Amino acid sequence: MQTKNIVIFVSGRGSNAEKIIQYFKEDERVEIPLLVSNKKEAKALDMARSYGIDTHVVSRKELREGGEIKTLLKTYHTDLIVLAGFLWLIPAWLVEAFPNKILNIHPALLPDFGGKGMYGMNVHRAVKESGMKESGITIHYVNENYDEGNIIFQTHCDVNIEDRAEDIAGNVLKLEHAYYPKIIEKVLFDKKEKSIQ
Ligand code: GRF
């Protein structure tokens, strides 16, 4: 059996990345050999190293033009790139090199509350201000525009009138942690949706 290699891209704390790493830890079908960050101070880098995962800090120029990152993705025989809180736009060369093989998670129900600048607490504050009665998560393929690739999975949580943006963020993060690893598994192995719900 050929192992599937996932490379995770992060910009910050990496709680989703850690859930994914833990989920596949005992799974012999999956390896996570490399975690890439655009920030050298990202907490996720230490977390990854603590699991014995190699790390790489990518610069803006390198991501835009290819270079070392391109070589690394080849060297690690990357089957799937998983963005888990990665804030830079994925350039065309990378989308083209990995068609339908780059996933992202967005902490709201796209197409609402997506696009440039819609990340982190900005999203949850916008949801709160809109008066929407629900929020949720969207897992989608990545194309060259922020938050616009085909949607793979969405699920929602209630937003109550008394909820602060921080409460919404907490509820959404629980959904992210519960579903992102399972959807990645489904994408890798085409498991039936039923087993995810
Ligand atoms: C998550 O809310 C994810 O949806 C968004 O960025 C956040 C990353 O959180 N894209 P963490 O670094 O996984 O804790």
# chains A, B, ... in the order shown; residues from 1 in each chain; ligands from 1
call {"tool": "residues_near_ligand", "arguments": {"ligand": "ligand 1", "cutoff": "6 Å", "atoms": "only C-alpha atoms and all ligand atoms", "output": "list in words"}}
result
Gly12, Arg13, Gly14, Ser15, Asn16, Ala17, Ala84, Gly85, Ile105, His106, Pro107, Gly120 and Leu173 of chain A
call {"tool": "write_last_selection", "arguments": {"atoms": "all heavy atoms", "output": "PDB file, in the first residue's frame"}}
result
ATOM      1  N   GLY A  12      -0.129  30.265  12.278  1.00  0.00           N
ATOM      2  CA  GLY A  12      -0.188  30.668  13.689  1.00  0.00           C
ATOM      3  C   GLY A  12      -0.118  29.541  14.678  1.00  0.00           C
ATOM      4  O   GLY A  12       0.797  28.726  14.671  1.00  0.00           O
ATOM      5  N   ARG A  13      -1.202  29.466  15.475  1.00  0.00           N
ATOM      6  CA  ARG A  13      -1.165  28.581  16.638  1.00  0.00           C
ATOM      7  C   ARG A  13      -1.183  27.107  16.256  1.00  0.00           C
ATOM      8  O   ARG A  13      -0.553  26.281  16.905  1.00  0.00           O
ATOM      9  CB  ARG A  13      -2.336  29.037  17.521  1.00  0.00           C
ATOM     10  CG  ARG A  13      -3.327  28.068  17.984  1.00  0.00           C
ATOM     11  CD  ARG A  13      -4.495  28.788  18.597  1.00  0.00           C
ATOM     12  NE  ARG A  13      -5.612  28.814  17.626  1.00  0.00           N
ATOM     13  CZ  ARG A  13      -6.825  29.216  17.915  1.00  0.00           C
ATOM     14  NH1 ARG A  13      -7.097  29.700  19.110  1.00  0.00           N
ATOM     15  NH2 ARG A  13      -7.774  29.166  17.002  1.00  0.00           N
ATOM     16  N   GLY A  14      -1.918  26.756  15.229  1.00  0.00           N
ATOM     17  CA  GLY A  14      -1.838  25.377  14.731  1.00  0.00           C
ATOM     18  C   GLY A  14      -2.677  24.362  15.478  1.00  0.00           C
ATOM     19  O   GLY A  14      -2.345  23.171  15.482  1.00  0.00           O
ATOM     20  N   SER A  15      -3.786  24.804  16.061  1.00  0.00           N
ATOM     21  CA  SER A  15      -4.601  23.810  16.790  1.00  0.00           C
ATOM     22  C   SER A  15      -5.252  22.825  15.814  1.00  0.00           C
ATOM     23  O   SER A  15      -5.364  21.633  16.104  1.00  0.00           O
ATOM     24  CB  SER A  15      -5.646  24.488  17.683  1.00  0.00           C
ATOM     25  OG  SER A  15      -6.661  25.085  16.926  1.00  0.00           O
ATOM     26  N   ASN A  16      -5.655  23.306  14.655  1.00  0.00           N
ATOM     27  CA  ASN A  16      -6.202  22.375  13.638  1.00  0.00           C
ATOM     28  C   ASN A  16      -5.112  21.428  13.146  1.00  0.00           C
ATOM     29  O   ASN A  16      -5.348  20.237  13.001  1.00  0.00           O
ATOM     30  CB  ASN A  16      -6.785  23.149  12.456  1.00  0.00           C
ATOM     31  CG  ASN A  16      -8.207  23.593  12.717  1.00  0.00           C
ATOM     32  OD1 ASN A  16      -9.133  22.788  12.679  1.00  0.00           O
ATOM     33  ND2 ASN A  16      -8.379  24.868  13.018  1.00  0.00           N
ATOM     34  N   ALA A  17      -3.937  21.988  12.903  1.00  0.00           N
ATOM     35  CA  ALA A  17      -2.820  21.151  12.442  1.00  0.00           C
ATOM     36  C   ALA A  17      -2.570  20.030  13.456  1.00  0.00           C
ATOM     37  O   ALA A  17      -2.388  18.866  13.073  1.00  0.00           O
ATOM     38  CB  ALA A  17      -1.569  22.003  12.270  1.00  0.00           C
ATOM     39  N   ALA A  84      -4.203  25.046   7.131  1.00  0.00           N
ATOM     40  CA  ALA A  84      -4.874  25.058   8.437  1.00  0.00           C
ATOM     41  C   ALA A  84      -4.536  26.383   9.108  1.00  0.00           C
ATOM     42  O   ALA A  84      -3.627  26.480   9.931  1.00  0.00           O
ATOM     43  CB  ALA A  84      -4.414  23.871   9.280  1.00  0.00           C
ATOM     44  N   GLY A  85      -5.260  27.426   8.686  1.00  0.00           N
ATOM     45  CA  GLY A  85      -4.969  28.758   9.210  1.00  0.00           C
ATOM     46  C   GLY A  85      -3.746  29.350   8.519  1.00  0.00           C
ATOM     47  O   GLY A  85      -2.892  29.939   9.162  1.00  0.00           O
ATOM     48  N   ILE A 105      -9.710  25.283   5.250  1.00  0.00           N
ATOM     49  CA  ILE A 105     -10.888  25.363   6.123  1.00  0.00           C
ATOM     50  C   ILE A 105     -11.137  26.829   6.428  1.00  0.00           C
ATOM     51  O   ILE A 105     -10.197  27.591   6.685  1.00  0.00           O
ATOM     52  CB  ILE A 105     -10.707  24.532   7.414  1.00  0.00           C
ATOM     53  CG1 ILE A 105     -12.025  24.453   8.184  1.00  0.00           C
ATOM     54  CG2 ILE A 105      -9.583  25.073   8.294  1.00  0.00           C
ATOM     55  CD1 ILE A 105     -12.086  23.330   9.208  1.00  0.00           C
ATOM     56  N   HIS A 106     -12.398  27.211   6.349  1.00  0.00           N
ATOM     57  CA  HIS A 106     -12.761  28.602   6.620  1.00  0.00           C
ATOM     58  C   HIS A 106     -13.759  28.612   7.784  1.00  0.00           C
ATOM     59  O   HIS A 106     -14.718  27.834   7.779  1.00  0.00           O
ATOM     60  CB  HIS A 106     -13.386  29.237   5.376  1.00  0.00           C
ATOM     61  CG  HIS A 106     -13.657  30.688   5.560  1.00  0.00           C
ATOM     62  ND1 HIS A 106     -12.660  31.639   5.527  1.00  0.00           N
ATOM     63  CD2 HIS A 106     -14.802  31.354   5.828  1.00  0.00           C
ATOM     64  CE1 HIS A 106     -13.186  32.825   5.750  1.00  0.00           C
ATOM     65  NE2 HIS A 106     -14.482  32.689   5.938  1.00  0.00           N
ATOM     66  N   PRO A 107     -13.567  29.496   8.757  1.00  0.00           N
ATOM     67  CA  PRO A 107     -14.406  29.455   9.962  1.00  0.00           C
ATOM     68  C   PRO A 107     -15.732  30.194   9.823  1.00  0.00           C
ATOM     69  O   PRO A 107     -16.128  30.958  10.709  1.00  0.00           O
ATOM     70  CB  PRO A 107     -13.506  30.094  11.029  1.00  0.00           C
ATOM     71  CG  PRO A 107     -12.707  31.081  10.256  1.00  0.00           C
ATOM     72  CD  PRO A 107     -12.493  30.490   8.882  1.00  0.00           C
ATOM     73  N   GLY A 120      -9.638  34.779  11.066  1.00  0.00           N
ATOM     74  CA  GLY A 120      -9.597  34.902  12.528  1.00  0.00           C
ATOM     75  C   GLY A 120     -10.830  35.599  13.077  1.00  0.00           C
ATOM     76  O   GLY A 120     -11.948  35.402  12.596  1.00  0.00           O
ATOM     77  N   LEU A 173     -14.539  26.658  16.280  1.00  0.00           N
ATOM     78  CA  LEU A 173     -13.276  25.904  16.382  1.00  0.00           C
ATOM     79  C   LEU A 173     -13.527  24.437  16.755  1.00  0.00           C
ATOM     80  O   LEU A 173     -12.863  23.530  16.243  1.00  0.00           O
ATOM     81  CB  LEU A 173     -12.333  26.569  17.391  1.00  0.00           C
ATOM     82  CG  LEU A 173     -10.889  26.063  17.360  1.00  0.00           C
ATOM     83  CD1 LEU A 173     -10.200  26.428  16.046  1.00  0.00           C
ATOM     84  CD2 LEU A 173     -10.073  26.615  18.533  1.00  0.00           C
TER      85      LEU A 173
END
call {"tool": "select_by_dssp", "arguments": {"residues": "region 20-131 of chain A", "states": "helix (DSSP H, G or I)", "output": "PDB file with C-alpha atoms, in the first residue's frame"}}
result
ATOM      1  CA  ILE A  20      -4.931  16.464  12.064  1.00  0.00           C
ATOM      2  CA  ILE A  21      -1.530  15.163  13.168  1.00  0.00           C
ATOM      3  CA  GLN A  22      -3.101  13.319  16.104  1.00  0.00           C
ATOM      4  CA  TYR A  23      -5.907  11.902  13.973  1.00  0.00           C
ATOM      5  CA  PHE A  24      -3.493  10.284  11.511  1.00  0.00           C
ATOM      6  CA  LYS A  43       3.643  28.160  17.596  1.00  0.00           C
ATOM      7  CA  ALA A  44       2.744  25.429  15.139  1.00  0.00           C
ATOM      8  CA  LEU A  45       6.416  24.949  14.220  1.00  0.00           C
ATOM      9  CA  ASP A  46       7.385  23.783  17.725  1.00  0.00           C
ATOM     10  CA  MET A  47       4.240  21.688  17.938  1.00  0.00           C
ATOM     11  CA  ALA A  48       5.133  19.928  14.668  1.00  0.00           C
ATOM     12  CA  ARG A  49       8.722  19.320  15.764  1.00  0.00           C
ATOM     13  CA  SER A  50       7.427  17.744  18.988  1.00  0.00           C
ATOM     14  CA  ARG A  60       6.747  35.507   0.329  1.00  0.00           C
ATOM     15  CA  LYS A  61       9.103  35.522  -2.656  1.00  0.00           C
ATOM     16  CA  GLU A  62       9.664  31.784  -2.428  1.00  0.00           C
ATOM     17  CA  LEU A  63       5.947  31.069  -2.306  1.00  0.00           C
ATOM     18  CA  ARG A  64       5.236  33.451  -5.155  1.00  0.00           C
ATOM     19  CA  GLU A  65       7.972  32.151  -7.426  1.00  0.00           C
ATOM     20  CA  GLU A  68      12.826  25.711  -2.341  1.00  0.00           C
ATOM     21  CA  ILE A  69       9.191  25.101  -1.445  1.00  0.00           C
ATOM     22  CA  LYS A  70       8.604  23.572  -4.869  1.00  0.00           C
ATOM     23  CA  THR A  71      11.555  21.228  -4.388  1.00  0.00           C
ATOM     24  CA  LEU A  72      10.436  20.288  -0.874  1.00  0.00           C
ATOM     25  CA  LEU A  73       6.909  19.405  -1.985  1.00  0.00           C
ATOM     26  CA  LYS A  74       8.450  17.073  -4.562  1.00  0.00           C
ATOM     27  CA  THR A  75      11.011  15.628  -2.169  1.00  0.00           C
ATOM     28  CA  ALA A  92      -1.187  29.980  -9.490  1.00  0.00           C
ATOM     29  CA  TRP A  93       1.836  27.712  -9.947  1.00  0.00           C
ATOM     30  CA  LEU A  94       0.970  25.824  -6.780  1.00  0.00           C
ATOM     31  CA  VAL A  95      -2.737  25.504  -7.617  1.00  0.00           C
ATOM     32  CA  GLU A  96      -1.747  24.186 -11.034  1.00  0.00           C
ATOM     33  CA  ALA A  97       0.808  21.755  -9.600  1.00  0.00           C
ATOM     34  CA  MET A 121     -11.721  37.109  14.738  1.00  0.00           C
ATOM     35  CA  ASN A 122     -12.599  39.409  11.807  1.00  0.00           C
ATOM     36  CA  VAL A 123     -14.872  36.644  10.566  1.00  0.00           C
ATOM     37  CA  HIS A 124     -16.617  36.059  13.877  1.00  0.00           C
ATOM     38  CA  ARG A 125     -17.080  39.796  14.527  1.00  0.00           C
ATOM     39  CA  ALA A 126     -18.647  40.180  11.093  1.00  0.00           C
ATOM     40  CA  VAL A 127     -20.998  37.258  11.772  1.00  0.00           C
ATOM     41  CA  LYS A 128     -21.969  38.787  15.123  1.00  0.00           C
ATOM     42  CA  GLU A 129     -22.575  42.211  13.587  1.00  0.00           C
ATOM     43  CA  SER A 130     -24.666  40.743  10.775  1.00  0.00           C
TER      44      SER A 130
END
call {"tool": "residues_around", "arguments": {"residues": "Phe153 (chain A)", "least_positions_apart": "4", "cutoff": "9 Å", "atoms": "only C-alpha atoms", "output": "list in words"}}
result
Ile137, Thr138, Ile139, His140 and Ile183 of chain A
call {"tool": "atom_distance", "arguments": {"atom1": "CA of Glu148 (chain A)", "atom2": "CA of Leu175 (chain A)"}}
result
20.4 Å
call {"tool": "closest_residue", "arguments": {"among": "A:Leu103, A:Leu83, A:Leu89, A:Ile32", "to": "Gly115 (chain A)", "atoms": "only C-alpha atoms"}}
result
A:Leu89
call {"tool": "closest_atom_pairs", "arguments": {"of": "region 63-124 of chain A", "to": "region 1-10 of chain A", "cutoff": "7 Å", "atoms": "only C-alpha atoms", "output": "CSV"}}
result
residue,atom,partner,partner_atom,distance
A:His77,CA,A:Asn5,CA,6.5
A:Thr78,CA,A:Asn5,CA,5.1
A:Asp79,CA,A:Asn5,CA,5.2
A:Leu80,CA,A:Ile6,CA,4.9
A:Ile81,CA,A:Val7,CA,4.9
A:Val82,CA,A:Ile8,CA,4.7
A:Leu83,CA,A:Phe9,CA,4.8
A:Ala84,CA,A:Val10,CA,5.3
A:Gly85,CA,A:Val10,CA,5.2
A:Phe86,CA,A:Val10,CA,4.3
call {"tool": "atom_distance", "arguments": {"atom1": "CA of Ser135 (chain A)", "atom2": "CA of Pro181 (chain A)"}}
result
19.7 Å
call {"tool": "select_by_dssp", "arguments": {"residues": "region 30-174 of chain A", "states": "strand (DSSP E)", "output": "ChimeraX atom specification"}}
result
/A:30-37,54-57,80-83,102-106,134-141,151-158
call {"tool": "atom_distance", "arguments": {"atom1": "CA of Gly114 (chain A)", "atom2": "CA of Pro99 (chain A)"}}
result
21.3 Å
call {"tool": "residues_around", "arguments": {"residues": "Ser11 (chain A)", "least_positions_apart": "3", "cutoff": "7 Å", "atoms": "only C-alpha atoms", "output": "PyMOL selection string"}}
result
chain A and resi 37-39+42+85-87
call {"tool": "write_last_selection", "arguments": {"atoms": "all heavy atoms", "output": "PDB file, in the first residue's frame"}}
result
ATOM      1  N   SER A  37       5.337  26.952   7.404  1.00  0.00           N
ATOM      2  CA  SER A  37       4.733  28.172   7.940  1.00  0.00           C
ATOM      3  C   SER A  37       5.341  29.383   7.252  1.00  0.00           C
ATOM      4  O   SER A  37       6.495  29.356   6.830  1.00  0.00           O
ATOM      5  CB  SER A  37       4.974  28.271   9.448  1.00  0.00           C
ATOM      6  OG  SER A  37       4.440  29.491   9.913  1.00  0.00           O
ATOM      7  N   ASN A  38       4.554  30.438   7.150  1.00  0.00           N
ATOM      8  CA  ASN A  38       5.086  31.691   6.609  1.00  0.00           C
ATOM      9  C   ASN A  38       5.623  32.567   7.738  1.00  0.00           C
ATOM     10  O   ASN A  38       6.142  33.639   7.481  1.00  0.00           O
ATOM     11  CB  ASN A  38       4.007  32.451   5.828  1.00  0.00           C
ATOM     12  CG  ASN A  38       2.821  32.800   6.696  1.00  0.00           C
ATOM     13  OD1 ASN A  38       2.429  32.011   7.569  1.00  0.00           O
ATOM     14  ND2 ASN A  38       2.248  33.959   6.491  1.00  0.00           N
ATOM     15  N   LYS A  39       5.463  32.091   8.992  1.00  0.00           N
ATOM     16  CA  LYS A  39       5.936  32.896  10.134  1.00  0.00           C
ATOM     17  C   LYS A  39       6.914  32.067  10.951  1.00  0.00           C
ATOM     18  O   LYS A  39       6.549  30.986  11.433  1.00  0.00           O
ATOM     19  CB  LYS A  39       4.747  33.246  11.032  1.00  0.00           C
ATOM     20  CG  LYS A  39       3.751  34.190  10.412  1.00  0.00           C
ATOM     21  CD  LYS A  39       3.299  35.212  11.448  1.00  0.00           C
ATOM     22  CE  LYS A  39       2.457  36.297  10.825  1.00  0.00           C
ATOM     23  NZ  LYS A  39       1.026  36.056  10.950  1.00  0.00           N
ATOM     24  N   ALA A  42       5.704  31.129  14.458  1.00  0.00           N
ATOM     25  CA  ALA A  42       4.425  30.401  14.604  1.00  0.00           C
ATOM     26  C   ALA A  42       4.577  29.270  15.631  1.00  0.00           C
ATOM     27  O   ALA A  42       5.522  28.473  15.554  1.00  0.00           O
ATOM     28  CB  ALA A  42       3.981  29.835  13.266  1.00  0.00           C
ATOM     29  N   GLY A  85      -5.260  27.426   8.686  1.00  0.00           N
ATOM     30  CA  GLY A  85      -4.969  28.758   9.210  1.00  0.00           C
ATOM     31  C   GLY A  85      -3.746  29.350   8.519  1.00  0.00           C
ATOM     32  O   GLY A  85      -2.892  29.939   9.162  1.00  0.00           O
ATOM     33  N   PHE A  86      -3.657  29.192   7.211  1.00  0.00           N
ATOM     34  CA  PHE A  86      -2.547  29.768   6.434  1.00  0.00           C
ATOM     35  C   PHE A  86      -3.069  31.015   5.746  1.00  0.00           C
ATOM     36  O   PHE A  86      -4.053  30.949   4.999  1.00  0.00           O
ATOM     37  CB  PHE A  86      -2.032  28.752   5.405  1.00  0.00           C
ATOM     38  CG  PHE A  86      -0.806  29.223   4.672  1.00  0.00           C
ATOM     39  CD1 PHE A  86       0.421  29.302   5.320  1.00  0.00           C
ATOM     40  CD2 PHE A  86      -0.877  29.592   3.332  1.00  0.00           C
ATOM     41  CE1 PHE A  86       1.567  29.738   4.649  1.00  0.00           C
ATOM     42  CE2 PHE A  86       0.269  30.029   2.653  1.00  0.00           C
ATOM     43  CZ  PHE A  86       1.486  30.094   3.317  1.00  0.00           C
ATOM     44  N   LEU A  87      -2.414  32.155   6.007  1.00  0.00           N
ATOM     45  CA  LEU A  87      -3.032  33.430   5.639  1.00  0.00           C
ATOM     46  C   LEU A  87      -2.626  33.988   4.280  1.00  0.00           C
ATOM     47  O   LEU A  87      -3.224  34.949   3.811  1.00  0.00           O
ATOM     48  CB  LEU A  87      -2.750  34.471   6.731  1.00  0.00           C
ATOM     49  CG  LEU A  87      -3.358  34.140   8.100  1.00  0.00           C
ATOM     50  CD1 LEU A  87      -3.072  35.249   9.103  1.00  0.00           C
ATOM     51  CD2 LEU A  87      -4.860  33.907   7.991  1.00  0.00           C
TER      52      LEU A  87
END
